[in-house]
$ cat input21.cif   # mmCIF, C-alpha atoms and all ligand atoms
data_protein
loop_
_atom_site.label_atom_id
_atom_site.label_comp_id
_atom_site.auth_asym_id
_atom_site.auth_seq_id
_atom_site.Cartn_x
_atom_site.Cartn_y
_atom_site.Cartn_z
CA MET A 207 -5.95 -44.01 -28.00
CA ILE A 208 -4.23 -41.77 -25.50
CA PHE A 209 -3.01 -42.50 -21.98
CA LEU A 210 -4.12 -40.26 -19.14
CA ASN A 211 -3.35 -40.93 -15.47
CA GLY A 212 -3.25 -44.70 -15.73
CA GLU A 213 -5.99 -45.28 -18.33
CA TRP A 214 -6.17 -45.64 -22.09
CA MET A 215 -9.05 -43.82 -23.78
CA PRO A 216 -10.06 -42.10 -27.02
CA VAL A 217 -8.66 -38.55 -27.07
CA GLU A 218 -12.23 -37.15 -27.16
CA ASP A 219 -12.93 -38.72 -23.75
CA ALA A 220 -9.83 -37.28 -22.05
CA LYS A 221 -10.63 -34.63 -19.45
CA ILE A 222 -8.19 -32.45 -17.51
CA SER A 223 -9.02 -29.96 -14.77
CA VAL A 224 -8.67 -26.29 -15.69
CA LEU A 225 -6.64 -26.04 -12.48
CA ASP A 226 -4.00 -28.41 -13.79
CA ARG A 227 -0.66 -26.64 -13.30
CA GLY A 228 0.29 -27.56 -16.84
CA PHE A 229 -2.64 -25.44 -18.05
CA ILE A 230 -2.22 -22.64 -15.50
CA PHE A 231 1.58 -22.29 -15.33
CA GLY A 232 3.08 -24.53 -18.02
CA ASP A 233 4.47 -26.35 -14.97
CA GLY A 234 5.65 -29.65 -16.38
CA VAL A 235 8.12 -31.50 -18.57
CA TYR A 236 7.81 -33.67 -21.66
CA GLU A 237 9.48 -36.10 -24.04
CA TYR A 238 9.06 -37.19 -27.63
CA VAL A 239 10.55 -40.38 -29.01
CA PRO A 240 10.36 -41.79 -32.54
CA VAL A 241 9.27 -45.43 -32.73
CA ILE A 242 10.57 -46.91 -35.96
CA ASP A 243 9.62 -50.42 -37.11
CA GLY A 244 8.19 -50.90 -33.60
CA LYS A 245 11.48 -49.93 -31.88
CA PRO A 246 11.92 -46.68 -29.95
CA TYR A 247 15.10 -44.93 -31.14
CA ARG A 248 17.53 -44.20 -28.30
CA LEU A 249 14.82 -44.50 -25.64
CA ASP A 250 17.43 -44.77 -22.87
CA GLY A 251 18.62 -41.27 -23.72
CA HIS A 252 15.07 -39.91 -23.63
CA LEU A 253 14.40 -41.54 -20.25
CA ILE A 254 17.61 -40.13 -18.77
CA ARG A 255 16.73 -36.67 -20.08
CA LEU A 256 13.18 -36.97 -18.71
CA ASP A 257 14.52 -37.90 -15.29
CA ASN A 258 16.93 -34.93 -15.40
CA SER A 259 14.11 -32.58 -16.44
CA CYS A 260 12.01 -33.84 -13.50
CA LYS A 261 14.91 -33.32 -11.08
CA GLU A 262 15.56 -29.82 -12.43
CA ILE A 263 12.00 -28.75 -11.65
CA GLY A 264 11.65 -30.64 -8.36
CA LEU A 265 9.04 -33.06 -9.69
CA LYS A 266 9.11 -36.73 -8.73
CA ASN A 267 9.33 -38.92 -11.84
CA PRO A 268 6.11 -40.91 -11.36
CA TYR A 269 7.17 -44.07 -13.22
CA SER A 270 10.19 -46.34 -13.49
CA ASN A 271 12.05 -46.60 -16.79
CA ALA A 272 10.58 -50.08 -17.25
CA ARG A 273 7.06 -48.68 -16.91
CA TRP A 274 7.79 -45.79 -19.32
CA THR A 275 9.18 -48.28 -21.81
CA GLU A 276 6.00 -50.39 -21.63
CA LEU A 277 3.84 -47.30 -22.08
CA VAL A 278 5.82 -45.98 -25.07
CA LEU A 279 5.61 -49.37 -26.78
CA GLU A 280 1.92 -49.67 -26.02
CA ALA A 281 1.14 -46.14 -27.27
CA ALA A 282 2.94 -46.87 -30.55
CA ARG A 283 1.26 -50.28 -30.88
CA ARG A 284 -2.25 -48.98 -30.18
CA ASN A 285 -1.85 -46.15 -32.69
CA GLY A 286 0.09 -48.00 -35.41
CA PRO A 287 0.74 -49.56 -37.79
CA GLY A 288 3.58 -47.48 -39.20
CA ASP A 289 6.31 -45.44 -37.56
CA GLN A 290 5.09 -43.38 -34.66
CA GLY A 291 6.17 -40.36 -32.64
CA VAL A 292 5.27 -40.84 -28.99
CA TYR A 293 4.79 -37.64 -26.97
CA TRP A 294 4.26 -37.58 -23.24
CA GLN A 295 4.18 -35.01 -20.50
CA ILE A 296 4.11 -34.88 -16.74
CA THR A 297 2.66 -31.84 -14.99
CA ARG A 298 2.74 -30.98 -11.30
CA GLY A 299 -0.94 -31.89 -11.08
CA VAL A 300 -4.16 -30.16 -10.05
CA ALA A 301 -4.19 -27.63 -7.19
CA LYS A 302 -5.60 -24.26 -6.16
CA ARG A 303 -3.72 -21.62 -8.14
CA ASP A 304 -0.59 -20.64 -6.22
CA HIS A 305 2.89 -20.34 -7.70
CA SER A 306 4.53 -22.38 -4.89
CA PHE A 307 4.51 -26.16 -5.28
CA PRO A 308 1.35 -27.80 -3.87
CA LYS A 309 1.81 -30.53 -1.26
CA ASP A 310 0.62 -34.13 -1.71
CA VAL A 311 -0.62 -33.69 -5.26
CA GLU A 312 -0.43 -36.47 -7.86
CA PRO A 313 1.24 -35.45 -11.12
CA THR A 314 -0.82 -35.56 -14.31
CA VAL A 315 0.60 -37.99 -16.88
CA PHE A 316 -0.51 -37.77 -20.50
CA MET A 317 0.81 -39.74 -23.47
CA MET A 318 -0.20 -39.77 -27.13
CA SER A 319 1.21 -41.27 -30.30
CA ASN A 320 0.89 -40.01 -33.85
CA PRO A 321 2.38 -41.06 -37.19
CA LEU A 322 6.03 -39.97 -37.37
CA PRO A 323 6.26 -37.10 -39.87
CA LYS A 324 8.09 -38.20 -43.02
CA LEU A 325 10.67 -35.95 -44.67
CA THR A 326 9.79 -35.37 -48.32
CA ALA A 327 12.30 -36.19 -51.07
CA GLU A 328 12.34 -32.46 -51.83
CA GLN A 329 13.38 -31.65 -48.23
CA VAL A 330 16.11 -34.29 -48.22
CA ASP A 331 17.46 -33.47 -51.69
CA ASN A 332 17.27 -29.69 -51.51
CA GLY A 333 17.33 -28.91 -47.79
CA VAL A 334 15.09 -26.31 -46.16
CA PRO A 335 15.05 -22.53 -45.73
CA CYS A 336 15.54 -21.17 -42.20
CA TYR A 337 15.55 -17.73 -40.62
CA THR A 338 17.68 -16.28 -37.83
CA PHE A 339 15.91 -15.15 -34.69
CA PRO A 340 17.13 -13.56 -31.44
CA ASP A 341 17.19 -16.13 -28.65
CA LYS A 342 15.38 -14.35 -25.83
CA ARG A 343 14.35 -17.47 -23.95
CA TRP A 344 15.17 -18.15 -20.31
CA HIS A 345 18.58 -19.55 -19.28
CA ARG A 346 17.35 -23.09 -18.54
CA CYS A 347 16.82 -24.35 -22.07
CA HIS A 348 18.38 -27.72 -21.15
CA ILE A 349 15.11 -28.59 -19.35
CA LYS A 350 12.52 -30.11 -21.68
CA SER A 351 9.82 -27.90 -20.24
CA ILE A 352 6.26 -27.71 -21.57
CA SER A 353 6.52 -23.89 -21.16
CA LEU A 354 7.41 -23.31 -24.80
CA LEU A 355 6.23 -19.78 -25.54
CA GLY A 356 9.73 -18.62 -26.54
CA ASN A 357 10.02 -21.56 -28.93
CA VAL A 358 6.47 -21.01 -30.24
CA LEU A 359 7.22 -17.36 -31.09
CA ALA A 360 10.48 -18.36 -32.76
CA LYS A 361 8.81 -21.05 -34.89
CA GLN A 362 6.03 -18.65 -35.86
CA HIS A 363 8.68 -16.26 -37.19
CA ALA A 364 10.00 -19.05 -39.42
CA THR A 365 6.50 -20.04 -40.53
CA GLU A 366 5.53 -16.48 -41.43
CA HIS A 367 8.62 -16.25 -43.63
CA GLY A 368 7.97 -19.62 -45.30
CA GLY A 369 10.86 -21.24 -43.41
CA ALA A 370 11.09 -24.66 -41.82
CA GLU A 371 12.88 -23.48 -38.68
CA VAL A 372 14.77 -20.64 -37.03
CA VAL A 373 18.41 -20.56 -36.10
CA MET A 374 18.58 -18.67 -32.82
CA ILE A 375 21.36 -16.29 -31.80
CA ARG A 376 22.10 -15.40 -28.17
CA ASP A 377 24.77 -12.82 -27.29
CA GLY A 378 26.38 -13.25 -30.71
CA PHE A 379 26.48 -17.06 -30.62
CA MET A 380 24.40 -19.67 -32.45
CA THR A 381 22.26 -21.69 -30.04
CA GLU A 382 19.59 -23.95 -31.57
CA ALA A 383 16.32 -23.98 -33.48
CA SER A 384 12.78 -23.82 -32.05
CA ALA A 385 12.46 -27.61 -31.89
CA SER A 386 15.78 -28.87 -33.26
CA ASN A 387 19.50 -28.59 -32.66
CA VAL A 388 21.76 -26.91 -35.21
CA PHE A 389 25.16 -28.09 -36.50
CA CYS A 390 27.73 -26.29 -38.67
CA VAL A 391 30.25 -27.96 -40.95
CA PHE A 392 33.60 -26.36 -41.79
CA GLY A 393 35.49 -28.38 -44.40
CA ASP A 394 35.18 -31.94 -43.11
CA THR A 395 34.61 -30.98 -39.45
CA ILE A 396 31.19 -31.11 -37.84
CA VAL A 397 30.76 -28.41 -35.18
CA SER A 398 28.10 -28.31 -32.47
CA PRO A 399 27.52 -25.77 -29.72
CA PRO A 400 28.12 -27.28 -26.27
CA LYS A 401 25.24 -29.00 -24.46
CA ASP A 402 24.92 -26.28 -21.82
CA ASN A 403 21.93 -24.45 -20.33
CA HIS A 404 21.31 -22.52 -23.57
CA ILE A 405 20.23 -25.48 -25.67
CA LEU A 406 18.23 -28.63 -25.21
CA GLY A 407 20.63 -31.56 -25.30
CA GLY A 408 19.01 -33.39 -28.21
CA ILE A 409 18.96 -37.17 -28.28
CA THR A 410 19.39 -36.97 -32.06
CA LEU A 411 22.39 -34.67 -31.43
CA ASP A 412 23.82 -37.45 -29.25
CA GLY A 413 23.16 -39.76 -32.20
CA VAL A 414 25.13 -37.46 -34.53
CA PHE A 415 28.00 -37.36 -32.00
CA ASP A 416 28.06 -41.18 -31.70
CA LEU A 417 27.82 -41.76 -35.44
CA ALA A 418 30.57 -39.23 -36.13
CA LYS A 419 32.85 -40.95 -33.60
CA LYS A 420 32.07 -44.48 -34.82
CA ASN A 421 32.69 -43.50 -38.43
CA GLY A 422 35.85 -41.47 -37.93
CA LEU A 423 34.26 -38.10 -38.82
CA LYS A 424 35.80 -35.02 -37.23
CA LEU A 425 33.63 -33.42 -34.55
CA GLU A 426 34.22 -30.30 -32.49
CA VAL A 427 32.01 -29.15 -29.62
CA ARG A 428 32.49 -25.43 -29.00
CA PRO A 429 30.61 -22.13 -29.08
CA VAL A 430 29.90 -20.93 -32.63
CA PRO A 431 29.99 -17.12 -33.11
CA GLU A 432 27.30 -15.85 -35.46
CA ALA A 433 29.89 -14.50 -37.96
CA GLU A 434 31.46 -17.93 -38.18
CA MET A 435 28.07 -19.58 -38.68
CA TRP A 436 27.50 -17.43 -41.76
CA ALA A 437 30.76 -18.77 -43.24
CA ALA A 438 29.86 -22.43 -42.66
CA ASP A 439 30.14 -24.85 -45.57
CA GLU A 440 27.02 -26.61 -44.32
CA LEU A 441 24.31 -26.12 -41.70
CA TRP A 442 22.07 -28.92 -40.43
CA LEU A 443 19.11 -29.37 -38.15
CA SER A 444 18.63 -32.44 -35.99
CA SER A 445 15.59 -33.65 -34.06
CA SER A 446 13.70 -36.81 -33.18
CA SER A 447 10.97 -36.12 -35.73
CA LYS A 448 13.39 -35.16 -38.57
CA GLY A 449 16.64 -37.02 -37.99
CA VAL A 450 19.07 -34.70 -39.78
CA LEU A 451 18.05 -32.16 -42.38
CA ALA A 452 20.19 -29.65 -44.32
CA ILE A 453 19.57 -25.92 -43.99
CA THR A 454 20.27 -24.58 -47.47
CA THR A 455 19.22 -20.96 -47.13
CA LEU A 456 19.38 -18.73 -44.07
CA ASP A 457 17.52 -15.41 -44.21
CA ASP A 458 17.13 -16.16 -47.95
CA LYS A 459 20.92 -16.33 -48.46
CA PRO A 460 22.30 -19.60 -49.85
CA ILE A 461 24.52 -21.56 -47.43
CA GLY A 462 27.68 -23.34 -48.51
CA ASN A 463 30.73 -23.04 -50.70
CA ALA A 464 30.89 -22.83 -54.49
CA ALA A 465 30.68 -26.63 -54.89
CA HIS A 466 27.20 -26.85 -53.32
CA LYS A 467 25.87 -23.37 -52.69
CA GLY A 468 22.26 -23.56 -51.57
CA LYS A 469 22.32 -27.39 -51.76
CA PRO A 470 22.97 -30.07 -49.12
CA GLY A 471 26.71 -30.71 -48.82
CA PRO A 472 28.76 -33.93 -48.78
CA MET A 473 29.03 -34.16 -44.99
CA PHE A 474 25.26 -33.88 -44.69
CA LYS A 475 24.80 -36.68 -47.21
CA LYS A 476 27.14 -38.88 -45.21
CA MET A 477 25.46 -38.17 -41.89
CA PHE A 478 21.97 -38.52 -43.38
CA ALA A 479 22.79 -42.01 -44.66
CA LEU A 480 24.38 -43.01 -41.33
CA MET A 481 21.43 -41.66 -39.36
CA GLN A 482 18.84 -43.36 -41.57
CA ALA A 483 20.63 -46.68 -41.14
CA ASP A 484 20.97 -46.16 -37.37
CA MET A 485 17.31 -45.19 -36.92
CA ARG A 486 16.14 -48.17 -38.98
CA GLY A 487 18.47 -50.44 -37.01
CA ALA A 488 20.40 -51.46 -40.14
C1 LIG A 501 14.38 -26.70 -28.36
C2 LIG A 501 14.75 -28.04 -28.90
N1 LIG A 501 16.02 -28.28 -29.22
C3 LIG A 501 16.42 -29.47 -29.71
C4 LIG A 501 15.49 -30.49 -29.93
C5 LIG A 501 15.96 -31.82 -30.48
O1 LIG A 501 15.93 -32.82 -29.49
P1 LIG A 501 15.74 -34.34 -29.87
O2 LIG A 501 16.83 -34.68 -30.83
O3 LIG A 501 15.88 -35.06 -28.59
O4 LIG A 501 14.40 -34.49 -30.49
C6 LIG A 501 14.15 -30.29 -29.59
C7 LIG A 501 13.17 -31.37 -29.78
O5 LIG A 501 12.01 -31.22 -29.53
C8 LIG A 501 13.77 -29.04 -29.06
O6 LIG A 501 12.49 -28.79 -28.73
#

$ encode --input "input21.cif" --output "structure tokens" --more "lines below"
Ligand SMILES: Cc1ncc(COP(=O)(O)O)c(C=O)c1O
Amino acid sequence: MIFLNGEWMPVEDAKISVLDRGFIFGDGVYEYVPVIDGKPYRLDGHLIRLDNSCKEIGLKNPYSNARWTELVLEAARRNGPGDQGVYWQITRGVAKRDHSFPKDVEPTVFMMSNPLPKLTAEQVDNGVPCYTFPDKRWHRCHIKSISLLGNVLAKQHATEHGGAEVVMIRDGFMTEASASNVFCVFGDTIVSPPKDNHILGGITLDGVFDLAKKNGLKLEVRPVPEAEMWAADELWLSSSSKGVLAITTLDDKPIGNAAHKGKPGPMFKKMFALMQADMRGA
């Protein structure tokens, strides 16, 4: 069952106007939260980011955090059992096509829930191949916008090469993946690009930051030049649907030092275990 503008219904019965600004302009924002053992992981972070995304595009957040929480739980419950990934989006609603914001229009709210994708043992044990890609997206990547053409084209590049993701490069610096953040490890230090307007501030990235701090792991937040990225001992992806996942080849070249070339490294193994426990509420 999906939720559309206040009602639950089978997805086949859901109808949206062709004039919806989400359809016409990609004018809207979205969220995606994993619900594990019935508990949304870091929902507060997702709700704060949603509210920020709404503010950034001048859209009134239609529901309170309490209401969103009820809806997320209900979506997961109605579509369970099993771990779920709850996706929802808010668009600026239905109006005659005109770029300027329409007046007095109700936003369109859509929510769905699907089984949370499971990482395979192969992905966890061996990591995944990724491909570099020029980051030619707009300069407001911190907004979780439904206009995702730049990310779609990036992901397609990875898919066509048999990769799991891209690692994007803007002006000589590593930014993020098409639907994940990217971390480097140098020795025993985890390094993340800053949460600025060139990446989406991931809620899983916040999780990595928190877990690193709580467990005394070294963390640096700073721009990562592409040349430095290539010399990293480890590269990781992070996202709500994956948790953390090691990148073991980039453009078909193995990542890492002699001890674990082309294999997940020791820092990844540590963070993976911490993240699994955190997500499962252990
Ligand atoms: C472009 C981009 N970066 C990073 C992420 C990771 O964010 P989160 O950890 O909140 O899922 C996503 C998730 O969809 C994304 O689309």

$ closest_residue --input "input21.cif" --among "A:Lys476, A:Arg273, A:Lys459, A:His404" --to "Ala418 of chain A" --atoms "all atoms listed in the file"
A:Lys476

$ closest_atom_pairs --input "input21.cif" --of "segment 227-301 of chain A" --to "segment 312-320 of chain A" --cutoff "7 Å" --atoms "only C-alpha atoms" --output "tab-separated table"
residue	atom	partner	partner_atom	distance
A:Ala281	CA	A:Ser319	CA	5.7
A:Ala282	CA	A:Ser319	CA	5.9
A:Asn285	CA	A:Ser319	CA	6.2
A:Gln290	CA	A:Asn320	CA	5.4
A:Gly291	CA	A:Asn320	CA	5.4
A:Val292	CA	A:Ser319	CA	4.3
A:Tyr293	CA	A:Met318	CA	5.4
A:Trp294	CA	A:Met317	CA	4.1
A:Gln295	CA	A:Phe316	CA	5.4
A:Ile296	CA	A:Val315	CA	4.7
A:Thr297	CA	A:Thr314	CA	5.1
A:Arg298	CA	A:Pro313	CA	4.7
A:Gly299	CA	A:Pro313	CA	4.2

$ atom_distance --input "input21.cif" --atom1 "atom CA of Glu382 of chain A" --atom2 "atom CA of Lys324 of chain A"
21.6 Å

$ axis_aligned_box --input "input21.cif" --around "ligand LIG 501 (chain A)" --padding-each-side "8 Å" --output "AutoDock Vina command-line options"
--center_x 14.4 --center_y -30.9 --center_z -29.6 --size_x 20.8 --size_y 24.4 --size_z 18.5

$ closest_residue --input "input21.cif" --among "A:Gly468, A:Gly251, A:Gly487, A:Gly333" --to "ligand LIG 501 (chain A)" --atoms "all atoms listed in the file"
A:Gly251
